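Asks: The following block contains the structure, expressed as structure tokens.
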Amino acid sequence: MSTLSPYAPEAGPPRGSSTGRRPSGRGRRSSPMTWRWSDRLVLAAAWIAGIGLCAIAGAIVLYMAYRGIQYLRPGLIFSRPQLSSDQAGSGGFLDPLLGTMLLTAIGILIALPLALASAVWIAEYGRGGRVNQSLARVVESSIEIVAGTPDIVIAIFGLAVFQLSLFAPFSFTAEGGGVYGRSFIAAGAMMSLLALPPVYAATRDGLQAVPGHMREAAFALGKTRITTIRRVLIPSARSNIATGVTLGISRIIGSTAIVLILLGSTLRIESQGSIPGVGLLRGTGSSLTSYIYENSPAGEGGAPQKAYAAAFLLLIFVLLLNLLVDRIGRAHADSSGLAPIGAVV
Amino acid sequence: MIERLRKPWPDHRAERTLGAVSLLVGVGVVAMVVFVAIRAWPLFEHNGLSWVLGGGDFEAEVNRMTAATTKPAAAVFHLRAWPLIYGTLITTAIAVVLGLTIAVLSSVFIVELAPARVRRIVIPMVRLLASVPSVIYGLIGILVLVPFVSNHLVTEHQKVSMQNVVQLTGGGLGVTAVILTVMITPIMIALICEALASVPPSWREGAVALGLNPLRAVRAVTLKAIRPAIVAAAVLATARALGEAVMIQMVSGGKTFSPRPGDGVVFFFEPLRTLASAIVDFREGVGSPALSAAVYGFALLLLFSAFALSVTGYLVKLPLRKYQTRG
């Protein structure tokens, strides 16, 4: 291979330790000016790719900020959407905002216990005995399948489940008993499937990172396994769990497909039945994502300005959640800083 | 009751409870396949597997399905959905090929080339790209990119010459593929970066000591070592691209059409529809039994593709474990 040719002129052996930026022992860099043109081309392409991605991300944020500052008014956040063909009269997005919060709450409330239980069981009990091991494999691969399932398929699955007459009490019902399968409960339950994989992965990694001697110390004090888990392991994995939950929340607030299919297309929150809390959960509504969709030309198309304003608000939430992951993540060492994306995949 | 829960549990009960709760996830996955399959059954009953083939007029078939009554005749179920599958495959292929190139280059940039100060900026930016919701990508696409393409890239002449085939509105393969690339590249970067960082530095240092310049060393040693991770990243990104629904529905032009590579540049302006975006398109039509069976059929196909891809991703990553590098 030509690259291994001893006559390759481009680089001498690394000479001694320079004051290089990386203490990886690479030595002084050979100057790219002396490289072959093909190598220089690849080097340039790598820089362009890296900087180009930054430029795209920066452009998206700046453009959304520009549009957001142009159109976002505090009044929009606190007023309810109105049916109107005119942008000036169509109100704000109080209901979608509340809808997003409600969906997030339901989703996390369902996902957190499930994810915690499976992570604890896999990490602490899944190794003992053949039955447990094979069951643990089943659970692990199911969570991987859930993580890989597109959210549109999860939404369609939710529709199939909640349209069963068995689940009629949980969803919006038409006059005469037709079950639409659309409600906050239906959408929230499916949202929990989005949040489950990141919470599970983060919790499991946190539990596995707890050194074995902490378990042994607890056992030596006469604690049972479950007490050790509750008093020692879960508290020390707390920051991992928080990271997972934050990632789960950002997946939930960004999901459009589930809201479009399982929450119906009413912009206002419409309760179903007369019991206040239950009626709300059984009712339909919207979230920020579906509000953006409905106001863009793809939906009703009436109000791109409202769509920009809501999108800016959503982007701010996402950025804040990103920052939160960073702040929590600083507590436990993180190799590349990109692991949070990997956890979601 | 509450008091009993507060007391420390005996270990065996805790183990069984936790195990049962975890198995719920497995039950959920089985339920997902079963429910979607049952709902999609009429489609398979009437078409067999040949609904994935071409040869029909998709829009006419869908209109017939929508118009059908609650007890449709067997002929109504007739469907040939190849245009959707073709649209899915072509957008995914373009996005994955483009994205993989960008991802490999920028991962090498992030891990090996960039000065620490630049790296501290690039990594949060990549994470930002990964976390922007798809509806915001769609919004930017439909309000910024589609009008731009329509006004500046598609010429009047092209619009007129394609008039009788399909209307060029700006949205279509080009915009879809570009945005999809931006959406899936960060996923690949995350996986490739993790693999790059786990290659022992001494391997690359050895290559440098033999006289390779740093870039060649990365290419000859590091990238070769993580080839399985690169393939796995491509596979997982493919799964993500297949399932993208809302963004594609917003920017793809909203017509069932198979873009023809023979058309030259116009190829990139031709509208299309993918399996996932068709589900969003026809979401209101699930009241009609025939259309509902078709929509569930699309979902089932997506579910199995995602399943097959995650198995492939797992198998591809196996050799990495052998070298004790994490993938």
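Identifiers for the structure tokens are assigned positionally: chains receive A, B, ... in sequence, residues are indexed from 1 per chain, and ligands are indexed from 1 in the order shown.
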Which polymer residues have any atom within 7 Å of an atom of Ala189 of chain A, counting only C-alpha atoms, with same-chain residues fewer than 4 positions away left out, as a compact mmCIF listing (two decimals) with C-alpha atoms, in the first residue's frame?

Replies:
# COMPACT_ATOMS: atom_id res chain seq x y z
CA ILE A 106 -48.82 11.63 31.53
CA GLY A 107 -46.02 10.23 29.40
CA ILE A 110 -46.21 6.08 32.89
CA ILE A 185 -54.83 9.47 27.90

Asks: Using DSSP secondary structure from the backbone, list all helix (DSSP H, G or I) positions within segment 80-280 of chain B, as a ChimeraX atom specification.

Replies: /B:82-113,116-131,134-153,156-162,173-198,201-209,214-225,227-243,246-251,261-269,275-280

Asks: Skipping near chain neighbours, those fewer than 4 positions away, what residues fall within 9 Å of Ala57 of chain A using only C-alpha atoms, listed as number ranges by chain?

Replies: A: 52-53, 61-62; B: 125-126, 128-129

Asks: Which polymer residues have any atom within 9 Å of an atom of Val149 of chain B, counting only C-alpha atoms, with same-chain residues fewer than 3 positions away left out, as a list in words?

Replies: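 Selected residues are Val144, Leu145, Val146, His152, Leu153, Val154, Thr169, Gly170, Gly171, Val175 and Phe269 of chain B.
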
Asks: Kindly indicate which residue among A:Asn322, A:Gly50, A:Arg73, A:Arg215 lies nearest to Ile121 of chain B, using only C-alpha atoms for the distances.

Replies: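 Looking at the shortest contact to Ile121 of chain B, the residue is A:Gly50.
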
Asks: I want to know what sits within 8 Å of segment 223-230 of chain A, based on only C-alpha atoms, with residues of the same chain fewer than 5 positions away left out; could you give that as a PDB file with N, CA and C atoms, in the first residue's frame?

Replies:
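Written file, part_19.pdb:
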ATOM      1  N   VAL A 120     -33.790  -1.600  36.897  1.00  0.00           N
ATOM      2  CA  VAL A 120     -33.353  -2.216  38.156  1.00  0.00           C
ATOM      3  C   VAL A 120     -33.350  -3.730  38.019  1.00  0.00           C
ATOM      4  N   ARG A 215     -22.575  -2.102  47.017  1.00  0.00           N
ATOM      5  CA  ARG A 215     -23.575  -3.149  47.249  1.00  0.00           C
ATOM      6  C   ARG A 215     -23.116  -4.055  48.383  1.00  0.00           C
ATOM      7  N   ALA A 218     -23.554  -2.607  51.764  1.00  0.00           N
ATOM      8  CA  ALA A 218     -24.945  -2.621  52.213  1.00  0.00           C
ATOM      9  C   ALA A 218     -25.352  -4.025  52.649  1.00  0.00           C
ATOM     10  N   PRO A 235     -30.475   6.185  44.759  1.00  0.00           N
ATOM     11  CA  PRO A 235     -29.979   7.535  45.059  1.00  0.00           C
ATOM     12  C   PRO A 235     -28.668   7.856  44.348  1.00  0.00           C
TER      13      PRO A 235
ATOM     14  N   PRO B   8     -40.317  -2.489  54.295  1.00  0.00           N
ATOM     15  CA  PRO B   8     -39.396  -3.122  53.355  1.00  0.00           C
ATOM     16  C   PRO B   8     -39.984  -4.424  52.802  1.00  0.00           C
ATOM     17  N   TRP B   9     -39.864  -4.570  51.500  1.00  0.00           N
ATOM     18  CA  TRP B   9     -40.416  -5.770  50.888  1.00  0.00           C
ATOM     19  C   TRP B   9     -39.478  -6.936  51.088  1.00  0.00           C
ATOM     20  N   PRO B  10     -40.058  -8.128  51.193  1.00  0.00           N
ATOM     21  CA  PRO B  10     -39.178  -9.292  51.103  1.00  0.00           C
ATOM     22  C   PRO B  10     -38.604  -9.364  49.691  1.00  0.00           C
ATOM     23  N   ASP B  11     -37.376  -9.843  49.614  1.00  0.00           N
ATOM     24  CA  ASP B  11     -36.657  -9.794  48.356  1.00  0.00           C
ATOM     25  C   ASP B  11     -37.346 -10.527  47.220  1.00  0.00           C
ATOM     26  N   ALA B  14     -40.155  -8.528  45.747  1.00  0.00           N
ATOM     27  CA  ALA B  14     -39.664  -7.397  44.967  1.00  0.00           C
ATOM     28  C   ALA B  14     -39.172  -7.873  43.612  1.00  0.00           C
TER      29      ALA B  14
END

Asks: Between B:Val62, B:Ala306, B:Leu84, B:Ala294, which one has atoms that come closest to His46 of chain B, using only C-alpha atoms?

Replies: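 Result for the nearest residue to His46 of chain B: B:Ala294.
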
Asks: Between atom CA of Ala115 of chain A and atom CA of Ser290 of chain A, what is the distance in Å, rounded to a tenth?

Replies: 26.9 Å

Asks: Could you name the residues that touch Arg182 of chain A at 8 Å or less, counting only C-alpha atoms, but leaving out those on the same chain fewer than 5 positions away, as a list in words?

Replies: Leu159, Phe162, Ser171, Phe172, Ala187, Ile261, Leu262, Leu263, Gly264, Gly283 and Thr284 of chain A

Asks: Select, from B:Ala195, B:Ile179, B:Ala74, B:Val246, the residue with the minimum atom-to-atom distance to chain A, counting only C-alpha atoms.

Replies: B:Val246

Asks: When you count only C-alpha atoms, which of these residues is closest to chain A: B:Ala229, B:Ile85, B:Leu303, B:Leu98?

Replies: B:Leu303

Asks: Would you mind reading off the distance between atom CA of Tyr200 of chain A and atom CA of Arg120 of chain B, one decimal, in Å?

Replies: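 Atom CA of Tyr200 of chain A sits 27.7 Å away from atom CA of Arg120 of chain B.
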
Asks: Give the strand (DSSP E or B) residues of segment 160-317 of chain A, as DSSP finds them on the backbone, and put them as a short mmCIF file (atom, residue, chain, number, x, y, z; two decimals) with C-alpha atoms, in the first residue's frame.

Replies:
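Produced file selection-v2.cif, reproduced below:
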data_model
loop_
_atom_site.label_atom_id
_atom_site.label_comp_id
_atom_site.auth_asym_id
_atom_site.auth_seq_id
_atom_site.Cartn_x
_atom_site.Cartn_y
_atom_site.Cartn_z
CA THR A 173 -66.68 8.99 22.15
CA VAL A 179 -65.13 5.17 19.69
CA GLU A 270 -62.32 20.01 24.81
CA THR A 284 -59.16 16.09 22.96
#

Asks: Write out as a PyMOL selection string which residues come within 10 Å of Ala290 of chain B when counting only C-alpha atoms, dropping same-chain ones fewer than 4 positions away.

Replies: chain B and resi 40+42-43+62+64-74+76-79+285-286+294-295

Asks: Residues of the last selection are to be written out with N, CA and C atoms, as a CSV table (one decimal), in the first residue's frame.

Replies:
chain,number,residue,atom,x,y,z
B,40,ALA,N,-54.5,-4.7,9.7
B,40,ALA,CA,-54.0,-4.6,8.3
B,40,ALA,C,-54.5,-5.9,7.6
B,42,PRO,N,-57.2,-7.2,6.3
B,42,PRO,CA,-58.1,-7.2,5.1
B,42,PRO,C,-57.2,-6.8,3.9
B,43,LEU,N,-56.2,-6.0,4.0
B,43,LEU,CA,-55.4,-5.6,2.9
B,43,LEU,C,-54.6,-6.8,2.4
B,62,VAL,N,-57.0,4.9,-3.8
B,62,VAL,CA,-57.3,5.5,-2.5
B,62,VAL,C,-58.7,6.3,-2.5
B,64,ARG,N,-61.2,5.5,-4.3
B,64,ARG,CA,-62.2,4.5,-4.3
B,64,ARG,C,-62.4,4.0,-2.8
B,65,MET,N,-61.3,3.8,-2.1
B,65,MET,CA,-61.4,3.4,-0.7
B,65,MET,C,-62.1,4.4,0.2
B,66,THR,N,-61.8,5.7,0.0
B,66,THR,CA,-62.4,6.7,0.8
B,66,THR,C,-63.9,6.7,0.6
B,67,ALA,N,-64.3,6.6,-0.7
B,67,ALA,CA,-65.7,6.7,-1.0
B,67,ALA,C,-66.5,5.5,-0.6
B,68,ALA,N,-65.8,4.4,-0.3
B,68,ALA,CA,-66.6,3.1,-0.1
B,68,ALA,C,-67.4,3.2,1.2
B,69,THR,N,-68.4,2.4,1.3
B,69,THR,CA,-69.3,2.4,2.5
B,69,THR,C,-68.7,1.6,3.6
B,70,THR,N,-69.4,1.4,4.6
B,70,THR,CA,-68.9,0.6,5.8
B,70,THR,C,-68.6,-0.8,5.4
B,71,LYS,N,-69.4,-1.4,4.5
B,71,LYS,CA,-69.1,-2.8,4.1
B,71,LYS,C,-68.7,-2.8,2.6
B,72,PRO,N,-67.4,-2.5,2.4
B,72,PRO,CA,-66.9,-2.4,1.0
B,72,PRO,C,-66.8,-3.7,0.3
B,73,ALA,N,-67.0,-3.6,-1.0
B,73,ALA,CA,-66.8,-4.8,-1.8
B,73,ALA,C,-65.4,-5.2,-1.9
B,74,ALA,N,-65.1,-6.4,-2.3
B,74,ALA,CA,-63.7,-6.9,-2.3
B,74,ALA,C,-62.9,-6.1,-3.2
B,76,VAL,N,-62.8,-3.1,-3.8
B,76,VAL,CA,-62.3,-1.8,-3.3
B,76,VAL,C,-61.0,-1.9,-2.6
B,77,PHE,N,-60.7,-3.1,-2.1
B,77,PHE,CA,-59.4,-3.3,-1.3
B,77,PHE,C,-58.2,-3.4,-2.2
B,78,HIS,N,-58.5,-3.4,-3.6
B,78,HIS,CA,-57.4,-3.6,-4.5
B,78,HIS,C,-56.4,-2.4,-4.3
B,79,LEU,N,-55.1,-2.7,-4.1
B,79,LEU,CA,-54.1,-1.6,-3.9
B,79,LEU,C,-52.8,-2.0,-4.5
B,285,GLY,N,-58.9,9.4,7.2
B,285,GLY,CA,-59.6,8.4,6.5
B,285,GLY,C,-59.8,7.0,7.1
B,286,VAL,N,-59.3,6.9,8.4
B,286,VAL,CA,-59.3,5.6,9.0
B,286,VAL,C,-60.7,5.1,9.3
B,294,ALA,N,-55.4,-0.3,4.6
B,294,ALA,CA,-54.2,0.1,3.9
B,294,ALA,C,-53.3,0.9,4.8
B,295,VAL,N,-53.8,1.8,5.6
B,295,VAL,CA,-52.9,2.6,6.5
B,295,VAL,C,-52.2,1.7,7.5
